[in-house]
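query.txt, holding compact mmCIF, C-alpha atoms:
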```txt
# COMPACT_ATOMS: atom_id res chain seq x y z
CA GLY Z 42 -32.93 37.79 -78.99
CA GLY Z 43 -36.69 38.20 -79.03
CA HIS Z 44 -37.04 38.13 -75.28
CA THR Z 45 -34.35 40.75 -74.78
CA THR Z 46 -35.86 43.07 -77.37
CA GLU Z 47 -39.23 42.75 -75.72
CA ILE Z 48 -38.04 43.31 -72.21
CA LEU Z 49 -36.08 46.41 -73.21
CA ARG Z 50 -39.23 47.82 -74.78
CA LEU Z 51 -41.09 47.11 -71.56
CA LEU Z 52 -38.42 49.04 -69.67
CA SER Z 53 -38.45 51.96 -72.09
CA CYS Z 54 -41.17 53.96 -70.33
CA LEU Z 55 -40.25 53.20 -66.73
CA SER Z 56 -39.37 56.11 -64.50
CA GLU Z 57 -36.04 56.76 -62.76
CA SER Z 58 -37.32 55.10 -59.62
CA TYR Z 59 -36.72 51.67 -61.15
CA SER Z 60 -33.07 51.64 -60.25
CA PRO Z 61 -30.65 49.94 -59.87
CA ARG Z 62 -31.49 47.42 -62.57
CA HIS Z 63 -29.97 43.94 -62.48
CA TYR Z 64 -30.14 41.98 -65.70
CA VAL Z 65 -29.85 38.22 -65.38
CA LEU Z 66 -28.74 36.42 -68.53
CA ALA Z 67 -27.92 32.89 -69.51
CA ASP Z 68 -24.18 32.26 -69.66
CA SER Z 69 -24.42 31.11 -73.28
CA ASP Z 70 -26.31 34.21 -74.44
CA LYS Z 71 -24.11 36.05 -76.90
CA MET Z 72 -26.42 38.73 -78.18
CA SER Z 73 -28.28 40.26 -75.27
CA GLU Z 74 -25.39 42.01 -73.57
CA ALA Z 75 -24.78 44.39 -76.47
CA LYS Z 76 -28.48 45.26 -76.72
CA ILE Z 77 -28.71 45.90 -73.00
CA ARG Z 78 -25.63 48.12 -72.92
CA SER Z 79 -26.91 50.09 -75.87
CA PHE Z 80 -30.28 50.58 -74.18
CA GLU Z 81 -28.71 51.64 -70.89
CA GLN Z 82 -26.35 54.01 -72.64
CA LYS Z 83 -29.25 55.75 -74.29
CA ARG Z 84 -31.15 55.82 -71.01
CA ALA Z 85 -28.18 57.44 -69.27
CA GLU Z 86 -28.65 60.45 -71.57
CA THR Z 87 -31.96 61.20 -69.90
CA PHE Z 88 -31.24 59.73 -66.47
CA PRO Z 89 -27.54 60.22 -65.79
CA ASN Z 90 -27.67 58.52 -62.40
CA SER Z 91 -28.94 55.28 -63.87
CA GLN Z 92 -27.32 52.18 -62.47
CA PHE Z 93 -27.35 48.72 -63.91
CA THR Z 94 -25.41 45.44 -63.68
CA LEU Z 95 -25.35 42.25 -65.72
CA HIS Z 96 -25.31 38.83 -64.08
CA ARG Z 97 -24.99 35.46 -65.72
CA ILE Z 98 -26.31 32.10 -64.66
CA PRO Z 99 -26.20 28.76 -66.48
CA ARG Z 100 -28.85 28.39 -69.16
CA SER Z 101 -31.70 26.46 -67.59
CA ARG Z 102 -33.11 24.95 -70.78
CA GLU Z 103 -32.24 24.70 -74.47
CA VAL Z 104 -35.02 25.13 -77.01
CA ARG Z 105 -37.09 21.96 -77.13
CA GLN Z 106 -35.04 20.23 -74.45
CA SER Z 107 -36.94 17.34 -72.88
CA TRP Z 108 -39.04 17.90 -69.77
CA ILE Z 109 -37.06 15.67 -67.45
CA SER Z 110 -33.63 16.94 -68.40
CA SER Z 111 -34.98 20.50 -68.12
CA VAL Z 112 -35.79 19.89 -64.46
CA VAL Z 113 -32.19 18.81 -63.88
CA THR Z 114 -30.67 21.75 -65.73
CA THR Z 115 -33.03 24.18 -64.01
CA LEU Z 116 -31.99 22.80 -60.61
CA TYR Z 117 -28.38 23.30 -61.65
CA SER Z 118 -29.11 26.90 -62.61
CA MET Z 119 -30.65 27.37 -59.18
CA LEU Z 120 -27.27 26.69 -57.58
CA TYR Z 121 -26.37 30.05 -59.09
CA SER Z 122 -29.68 31.87 -59.05
CA LEU Z 123 -30.38 31.24 -55.36
CA PRO Z 124 -27.24 32.92 -53.99
CA LEU Z 125 -27.57 35.66 -56.60
CA THR Z 126 -31.20 36.42 -55.70
CA ASN Z 127 -30.28 36.29 -52.03
CA GLN Z 128 -27.48 38.74 -52.61
CA LEU Z 129 -29.57 41.17 -54.66
CA LYS Z 130 -32.80 40.84 -52.63
CA PRO Z 131 -34.83 42.50 -55.39
CA ASP Z 132 -38.03 44.38 -54.58
CA LEU Z 133 -39.34 43.63 -58.04
CA ILE Z 134 -38.58 40.89 -60.54
CA LEU Z 135 -39.65 41.50 -64.12
CA CYS Z 136 -39.45 38.60 -66.52
CA ASN Z 137 -40.87 37.73 -69.88
CA GLY Z 138 -40.38 34.12 -70.71
CA PRO Z 139 -36.87 32.84 -71.37
CA GLY Z 140 -36.00 29.72 -69.39
CA THR Z 141 -33.59 31.86 -67.38
CA CYS Z 142 -36.47 33.44 -65.49
CA VAL Z 143 -37.66 30.19 -63.95
CA PRO Z 144 -34.71 29.54 -61.59
CA VAL Z 145 -34.62 33.20 -60.64
CA CYS Z 146 -38.32 33.27 -59.79
CA ILE Z 147 -38.22 29.97 -57.91
CA SER Z 148 -35.27 31.34 -55.92
CA ALA Z 149 -37.27 34.46 -55.09
CA LEU Z 150 -40.23 32.33 -54.03
CA LEU Z 151 -38.01 30.28 -51.75
CA LEU Z 152 -36.53 33.38 -50.17
CA GLY Z 153 -40.06 34.63 -49.64
CA LEU Z 154 -41.18 31.38 -48.01
CA LEU Z 155 -38.13 31.46 -45.73
CA GLY Z 156 -39.01 34.98 -44.67
CA ILE Z 157 -35.74 36.38 -46.04
CA LYS Z 158 -37.12 38.67 -48.77
CA ARG Z 159 -40.47 39.01 -50.47
CA SER Z 160 -40.08 40.10 -54.11
CA ILE Z 161 -42.97 41.12 -56.35
CA ILE Z 162 -42.86 38.90 -59.44
CA VAL Z 163 -44.29 40.41 -62.63
CA TYR Z 164 -44.35 38.17 -65.68
CA VAL Z 165 -45.14 39.47 -69.17
CA GLU Z 166 -45.85 36.78 -71.76
CA SER Z 167 -44.31 37.36 -75.18
CA ILE Z 168 -46.28 39.08 -77.92
CA CYS Z 169 -45.77 35.89 -79.95
CA ARG Z 170 -48.04 34.03 -77.60
CA VAL Z 171 -51.54 34.55 -78.95
CA GLU Z 172 -53.39 31.37 -78.05
CA THR Z 173 -51.05 29.31 -75.89
CA LEU Z 174 -48.60 30.09 -73.11
CA SER Z 175 -44.91 29.33 -73.23
CA LEU Z 176 -43.55 26.73 -70.82
CA SER Z 177 -42.22 29.46 -68.52
CA GLY Z 178 -45.63 31.09 -68.69
CA LYS Z 179 -47.44 27.90 -67.76
CA ILE Z 180 -45.23 27.52 -64.71
CA LEU Z 181 -45.19 31.14 -63.60
CA TYR Z 182 -48.92 31.73 -64.10
CA TYR Z 183 -49.33 30.10 -60.69
CA PHE Z 184 -46.31 31.63 -59.00
CA SER Z 185 -46.17 35.21 -60.20
CA ASP Z 186 -47.90 38.10 -58.48
CA TYR Z 187 -48.95 39.63 -61.79
CA PHE Z 188 -49.16 37.74 -65.06
CA ILE Z 189 -49.59 39.91 -68.13
CA VAL Z 190 -50.76 38.66 -71.52
CA GLN Z 191 -50.87 40.64 -74.75
CA TRP Z 192 -53.79 39.06 -76.60
CA PRO Z 193 -57.42 38.72 -75.52
CA ASP Z 194 -57.66 34.95 -76.20
CA LEU Z 195 -55.12 34.32 -73.46
CA LYS Z 196 -56.97 36.55 -71.02
CA GLU Z 197 -60.04 34.39 -71.58
CA LYS Z 198 -58.13 31.16 -71.08
CA TYR Z 199 -56.19 32.42 -68.09
CA PRO Z 200 -58.60 34.58 -66.14
CA LYS Z 201 -56.13 35.52 -63.41
CA SER Z 202 -53.96 37.24 -66.01
CA VAL Z 203 -53.86 40.95 -66.75
CA TYR Z 204 -54.56 42.20 -70.26
CA LEU Z 205 -53.26 45.64 -71.21
CA GLY Z 206 -53.25 45.14 -74.98
CA ARG Z 207 -49.98 45.12 -76.90
CA ILE Z 208 -47.28 46.65 -74.74
CA VAL Z 209 -44.10 46.02 -76.73
CA PHE L 255 -26.91 37.15 -97.89
CA ARG L 256 -27.10 34.61 -95.15
CA PHE L 257 -27.03 36.75 -92.07
CA LYS L 258 -26.96 40.44 -91.23
CA ASP L 259 -26.87 42.20 -87.91
CA SER L 260 -29.85 44.33 -88.83
CA LEU L 261 -32.35 44.37 -91.64
CA ALA L 262 -33.40 47.93 -90.91
CA GLU L 263 -31.73 49.33 -94.07
CA ASP L 264 -33.24 46.72 -96.33
CA LEU L 265 -36.65 47.17 -94.78
CA ARG L 266 -36.52 50.90 -95.22
CA SER L 267 -35.98 50.62 -98.97
CA ALA L 268 -38.45 47.79 -99.60
CA ASP L 269 -41.90 48.19 -101.15
CA LEU L 270 -43.06 44.71 -100.23
CA VAL L 271 -41.68 42.17 -97.81
CA ILE L 272 -42.11 38.42 -98.11
CA SER L 273 -41.05 36.68 -94.96
CA HIS L 274 -41.22 33.53 -92.87
CA ALA L 275 -43.44 33.67 -89.82
CA GLY L 276 -40.78 34.56 -87.27
CA ALA L 277 -42.16 37.07 -84.80
CA GLY L 278 -39.18 39.40 -85.01
CA SER L 279 -39.33 39.53 -88.81
CA CYS L 280 -43.06 40.13 -88.89
CA LEU L 281 -43.19 42.76 -86.18
CA GLU L 282 -40.13 44.65 -87.38
CA THR L 283 -41.59 44.82 -90.89
CA LEU L 284 -45.03 45.90 -89.72
CA GLU L 285 -43.57 48.57 -87.48
CA LYS L 286 -41.77 50.05 -90.47
CA GLY L 287 -45.14 50.23 -92.21
CA LYS L 288 -44.23 47.88 -95.05
CA PRO L 289 -46.75 45.52 -96.65
CA LEU L 290 -45.98 41.97 -95.60
CA ILE L 291 -46.73 38.55 -96.99
CA VAL L 292 -46.00 35.78 -94.52
CA VAL L 293 -45.07 32.41 -95.97
CA ILE L 294 -45.94 29.58 -93.67
CA ASN L 295 -43.93 26.42 -93.94
CA ASP L 296 -46.14 23.70 -92.55
CA LYS L 297 -43.32 21.21 -92.40
CA LEU L 298 -40.73 23.24 -90.52
CA MET L 299 -42.69 25.56 -88.35
CA ASN L 300 -43.66 24.86 -84.81
CA ASN L 301 -47.24 25.73 -83.90
CA HIS L 302 -46.38 28.71 -81.84
CA GLN L 303 -45.04 30.72 -84.76
CA LEU L 304 -48.23 29.98 -86.65
CA GLU L 305 -50.35 31.56 -83.88
CA LEU L 306 -48.93 35.02 -84.41
CA ALA L 307 -49.06 34.84 -88.21
CA LYS L 308 -52.69 33.70 -88.16
CA GLN L 309 -53.69 36.41 -85.70
CA LEU L 310 -51.97 39.11 -87.74
CA GLN L 311 -53.84 37.90 -90.80
CA ARG L 312 -57.14 37.76 -88.93
CA ASP L 313 -56.64 41.34 -87.85
CA GLY L 314 -55.88 42.36 -91.42
CA TYR L 315 -52.23 43.36 -91.01
CA VAL L 316 -50.60 40.72 -93.22
CA LEU L 317 -51.37 38.26 -95.99
CA CYS L 318 -50.49 34.63 -95.32
CA CYS L 319 -49.82 31.88 -97.77
CA ASN L 320 -47.65 28.79 -98.04
CA CYS L 321 -44.80 27.97 -100.41
CA SER L 322 -47.07 26.50 -103.09
CA THR L 323 -49.58 29.38 -103.08
CA LEU L 324 -47.02 32.18 -102.99
CA VAL L 325 -47.03 32.89 -106.73
CA GLU L 326 -50.82 32.94 -106.85
CA THR L 327 -50.92 35.26 -103.84
CA LEU L 328 -48.48 37.64 -105.48
CA GLN L 329 -50.58 37.71 -108.62
CA MET L 330 -53.90 38.24 -106.88
CA MET L 331 -52.90 40.39 -103.92
CA ASP L 332 -54.52 43.68 -103.12
CA LEU L 333 -52.16 45.35 -100.68
CA SER L 334 -54.53 48.23 -100.08
CA THR L 335 -56.64 45.90 -97.94
CA LEU L 336 -53.86 45.66 -95.39
CA LYS L 337 -54.41 47.76 -92.30
CA PRO L 338 -51.66 49.90 -90.73
CA PHE L 339 -50.13 48.24 -87.68
CA PRO L 340 -50.51 50.35 -84.55
CA PRO L 341 -47.41 50.44 -82.32
CA GLY L 342 -47.38 48.70 -78.96
CA GLN L 343 -47.87 50.83 -75.86
CA PRO L 344 -45.19 50.30 -73.24
CA GLU L 345 -46.48 53.38 -71.45
CA LYS L 346 -49.52 51.36 -70.39
CA PHE L 347 -47.19 48.84 -68.83
CA ALA L 348 -45.30 51.59 -67.01
CA LEU L 349 -48.55 52.96 -65.58
CA PHE L 350 -49.60 49.51 -64.45
CA LEU L 351 -46.27 48.75 -62.86
CA ASP L 352 -46.19 52.07 -61.03
CA LYS L 353 -49.51 51.15 -59.41
CA VAL L 354 -48.34 47.65 -58.53
CA VAL L 355 -45.13 48.84 -56.93
CA GLY L 356 -46.71 51.84 -55.24
CA PHE L 357 -45.09 54.70 -57.17
CA GLN L 358 -48.01 56.86 -58.15
```
Could I get this structure in the form of structure tokens?
Amino acid sequence: GGHTTEILRLLSCLSESYSPRHYVLADSDKMSEAKIRSFEQKRAETFPNSQFTLHRIPRSREVRQSWISSVVTTLYSMLYSLPLTNQLKPDLILCNGPGTCVPVCISALLLGLLGIKRSIIVYVESICRVETLSLSGKILYYFSDYFIVQWPDLKEKYPKSVYLGRIV
Amino acid sequence: FRFKDSLAEDLRSADLVISHAGAGSCLETLEKGKPLIVVINDKLMNNHQLELAKQLQRDGYVLCCNCSTLVETLQMMDLSTLKPFPPGQPEKFALFLDKVVGFQ
């Protein structure tokens, strides 16, 4: 819920050029689809040629799931995210923290290493993260092209990050 | 009530909101310009929720208390000390992203 709301706010000021948009959700996510459709419907009023699709992959981690089992479930999600990312070959991947982003980003990194497609990975840490990074954030800080934080404390702790103030 | 799809209606008609420290609850309330008291439950809450509540208090947007000090807070509160919460700026993100991607 929170992640979806935030990412839709991030998308709210993007120009028409950011199209087509592919949303990747966890299969067990019941709430995001409606929010996304509502957002895209509204967007179509201004940009009638807007295109978007929804894709689902297995949830890579439940809240507070143990570290070791998370590795296993993330690898399982990658069985889906790798062919999906290969099919879509995105120029840009925008993510903001749910476990779902990890298999997608790792897939993109692999495709980049194999010389198949190099995607720009932009990660925006949640506004809730004031002093510490989420687990996805800790992982993707090293693997994203741009890592954006929304509070100054985090910019100090993670100097390679970008601080633009509050953007959601 | 136990669960509603949206609290927007209730928020609109409220004069004061007392809430747990969930980010969605806090931010939605602040964006509607309503005074907010955040009740922190030390036993249930995970640390990460506490970060946002503490920061919002530090910046003067909310009052924090815990279950046992709630009554005292309500009696002694001066809501005029709360600062208005400026909205986030997704346009800054759009500008940044345009540069990154090469659309200028």
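Each of Z:Leu181, Z:Leu176, Z:Ile168, Z:Leu49 was compared to Cys280 in chain L using only C-alpha atoms, and Z:Ile168 turns out to be the nearest.
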* To do: Tell me which protein, DNA and RNA residues are within 8 Å of Val165 in chain Z, counting only C-alpha atoms, leaving out same-chain ones fewer than 6 positions away, and put them as a PyMOL selection string.
  => chain Z and resi 135-138+188-190
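Those residues of chain L that fall within 9 Å of chain Z when using only C-alpha atoms read L:Gly276, L:Ala277, L:Gly278, L:His302, L:Gln303, L:Glu305, L:Leu306, L:Ala307, L:Gln309, L:Pro341, L:Gly342, L:Gln343, L:Pro344, L:Glu345, L:Lys346, L:Phe347, L:Ala348, L:Leu349, L:Phe350, L:Leu351, L:Asp352, L:Val354, L:Val355, L:Phe357.
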* Identify, on the basis of all atoms listed in the file, every residue whose closest approach to Gln92 in chain Z does not exceed 12 Å; exclude the query and any residue fewer than 6 positions from it along the same chain; express the result as a list in words. => Glu57, Ser58, Tyr59, Ser60, Pro61, Arg62, His63, Tyr64, Arg78, Glu81, Gln82, Arg84 and Ala85 of chain Z
* Structure fact -> The distance between CA of Pro144 in chain Z and CA of Pro131 in chain Z is 14.4 Å
* Asked: So which residues touch Thr114 in chain Z within 8 Å, counting all atoms listed in the file, skipping near sequence neighbours fewer than 3 positions away, as a PyMOL selection string?
  -> chain Z and resi 100-102+110-111+117-118
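Our summary of the geometry notes that CA of Val293 in chain L is positioned 5.9 Å from CA of Cys318 in chain L.
Atom pair CA of Gln128 in chain Z / CA of Val113 in chain Z: separated by 23.4 Å.
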Cut-off 9 Å around (-36.5, 37.6, -50.9) with only C-alpha atoms: residues as an mmCIF file with C-alpha atoms, in the coordinates of the input:
```cif
data_model
loop_
_atom_site.group_PDB
_atom_site.id
_atom_site.type_symbol
_atom_site.label_atom_id
_atom_site.label_comp_id
_atom_site.auth_asym_id
_atom_site.auth_seq_id
_atom_site.Cartn_x
_atom_site.Cartn_y
_atom_site.Cartn_z
ATOM 1 C CA THR Z 126 -31.200 36.420 -55.700
ATOM 2 C CA ASN Z 127 -30.280 36.290 -52.030
ATOM 3 C CA LEU Z 129 -29.570 41.170 -54.660
ATOM 4 C CA LYS Z 130 -32.800 40.840 -52.630
ATOM 5 C CA PRO Z 131 -34.830 42.500 -55.390
ATOM 6 C CA ASP Z 132 -38.030 44.380 -54.580
ATOM 7 C CA SER Z 148 -35.270 31.340 -55.920
ATOM 8 C CA ALA Z 149 -37.270 34.460 -55.090
ATOM 9 C CA LEU Z 150 -40.230 32.330 -54.030
ATOM 10 C CA LEU Z 151 -38.010 30.280 -51.750
ATOM 11 C CA LEU Z 152 -36.530 33.380 -50.170
ATOM 12 C CA GLY Z 153 -40.060 34.630 -49.640
ATOM 13 C CA LEU Z 154 -41.180 31.380 -48.010
ATOM 14 C CA LEU Z 155 -38.130 31.460 -45.730
ATOM 15 C CA GLY Z 156 -39.010 34.980 -44.670
ATOM 16 C CA ILE Z 157 -35.740 36.380 -46.040
ATOM 17 C CA LYS Z 158 -37.120 38.670 -48.770
ATOM 18 C CA ARG Z 159 -40.470 39.010 -50.470
ATOM 19 C CA SER Z 160 -40.080 40.100 -54.110
#
```
* Determine, counting all atoms listed in the file, which protein, DNA and RNA residues have an atom within 10 Å of an atom of Leu261 in chain L; residues of the same chain fewer than 6 positions away are not included. Present the result as a PyMOL selection string. => chain L and resi 279+282-283
* To do: Please provide the set of residues having any atom within 10 Å of range 284-288 of chain L, restricted to only C-alpha atoms, with same-chain residues fewer than 2 positions apart removed, written as a PyMOL selection string.
  => chain L and resi 262+265-271+278-282+290-291+310+315-316+336-342
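Checking Z:Ala75, Z:Leu195, Z:Met119, Z:Val143 one by one against Pro99 in chain Z, counting all atoms listed in the file, you find the shortest gap at Z:Met119.
Here the question is which of Z:Pro89, Z:Phe80, Z:Leu116, Z:Cys142 gets nearest to Leu66 in chain Z using only C-alpha atoms, and that residue is Z:Cys142.
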Output as a JSON list (two decimals), in the frame of the given file: range 265-289 of chain L, completed with N, CA and C atoms.
```json
[["chain", "number", "residue", "atom", "x", "y", "z"],
["L", 265, "LEU", "N", -35.22, 46.95, -94.99],
["L", 265, "LEU", "CA", -36.65, 47.17, -94.78],
["L", 265, "LEU", "C", -37.06, 48.57, -95.21],
["L", 266, "ARG", "N", -36.21, 49.51, -94.89],
["L", 266, "ARG", "CA", -36.52, 50.90, -95.22],
["L", 266, "ARG", "C", -36.71, 51.09, -96.72],
["L", 267, "SER", "N", -35.89, 50.41, -97.52],
["L", 267, "SER", "CA", -35.98, 50.62, -98.97],
["L", 267, "SER", "C", -36.93, 49.67, -99.69],
["L", 268, "ALA", "N", -37.57, 48.78, -98.95],
["L", 268, "ALA", "CA", -38.45, 47.79, -99.60],
["L", 268, "ALA", "C", -39.85, 48.34, -99.83],
["L", 269, "ASP", "N", -40.49, 47.85, -100.91],
["L", 269, "ASP", "CA", -41.90, 48.19, -101.15],
["L", 269, "ASP", "C", -42.82, 47.08, -100.68],
["L", 270, "LEU", "N", -42.28, 45.87, -100.67],
["L", 270, "LEU", "CA", -43.06, 44.71, -100.23],
["L", 270, "LEU", "C", -42.10, 43.74, -99.58],
["L", 271, "VAL", "N", -42.52, 43.14, -98.49],
["L", 271, "VAL", "CA", -41.68, 42.17, -97.81],
["L", 271, "VAL", "C", -42.37, 40.82, -97.82],
["L", 272, "ILE", "N", -41.60, 39.80, -98.19],
["L", 272, "ILE", "CA", -42.11, 38.42, -98.11],
["L", 272, "ILE", "C", -41.23, 37.72, -97.09],
["L", 273, "SER", "N", -41.86, 37.20, -96.06],
["L", 273, "SER", "CA", -41.05, 36.68, -94.96],
["L", 273, "SER", "C", -41.58, 35.37, -94.42],
["L", 274, "HIS", "N", -40.75, 34.69, -93.65],
["L", 274, "HIS", "CA", -41.22, 33.53, -92.87],
["L", 274, "HIS", "C", -41.99, 34.09, -91.68],
["L", 275, "ALA", "N", -42.53, 33.19, -90.87],
["L", 275, "ALA", "CA", -43.44, 33.67, -89.82],
["L", 275, "ALA", "C", -42.75, 33.99, -88.50],
["L", 276, "GLY", "N", -41.47, 34.20, -88.51],
["L", 276, "GLY", "CA", -40.78, 34.56, -87.27],
["L", 276, "GLY", "C", -41.34, 35.86, -86.72],
["L", 277, "ALA", "N", -41.53, 35.90, -85.42],
["L", 277, "ALA", "CA", -42.16, 37.07, -84.80],
["L", 277, "ALA", "C", -41.35, 38.33, -85.03],
["L", 278, "GLY", "N", -40.04, 38.23, -84.83],
["L", 278, "GLY", "CA", -39.18, 39.40, -85.01],
["L", 278, "GLY", "C", -39.30, 39.96, -86.40],
["L", 279, "SER", "N", -39.22, 39.09, -87.41],
["L", 279, "SER", "CA", -39.33, 39.53, -88.81],
["L", 279, "SER", "C", -40.66, 40.20, -89.07],
["L", 280, "CYS", "N", -41.73, 39.58, -88.63],
["L", 280, "CYS", "CA", -43.06, 40.13, -88.89],
["L", 280, "CYS", "C", -43.23, 41.48, -88.21],
["L", 281, "LEU", "N", -42.94, 41.53, -86.94],
["L", 281, "LEU", "CA", -43.19, 42.76, -86.18],
["L", 281, "LEU", "C", -42.29, 43.90, -86.65],
["L", 282, "GLU", "N", -41.04, 43.61, -86.91],
["L", 282, "GLU", "CA", -40.13, 44.65, -87.38],
["L", 282, "GLU", "C", -40.62, 45.24, -88.70],
["L", 283, "THR", "N", -41.10, 44.37, -89.58],
["L", 283, "THR", "CA", -41.59, 44.82, -90.89],
["L", 283, "THR", "C", -42.84, 45.66, -90.72],
["L", 284, "LEU", "N", -43.77, 45.18, -89.92],
["L", 284, "LEU", "CA", -45.03, 45.90, -89.72],
["L", 284, "LEU", "C", -44.80, 47.25, -89.07],
["L", 285, "GLU", "N", -43.85, 47.30, -88.16],
["L", 285, "GLU", "CA", -43.57, 48.57, -87.48],
["L", 285, "GLU", "C", -42.98, 49.59, -88.43],
["L", 286, "LYS", "N", -42.31, 49.12, -89.49],
["L", 286, "LYS", "CA", -41.77, 50.05, -90.47],
["L", 286, "LYS", "C", -42.83, 50.41, -91.50],
["L", 287, "GLY", "N", -44.03, 49.87, -91.33],
["L", 287, "GLY", "CA", -45.14, 50.23, -92.21],
["L", 287, "GLY", "C", -45.05, 49.62, -93.60],
["L", 288, "LYS", "N", -44.36, 48.49, -93.73],
["L", 288, "LYS", "CA", -44.23, 47.88, -95.05],
["L", 288, "LYS", "C", -45.26, 46.76, -95.22],
["L", 289, "PRO", "N", -45.84, 46.64, -96.41],
["L", 289, "PRO", "CA", -46.75, 45.52, -96.65],
["L", 289, "PRO", "C", -46.01, 44.20, -96.54]]
```
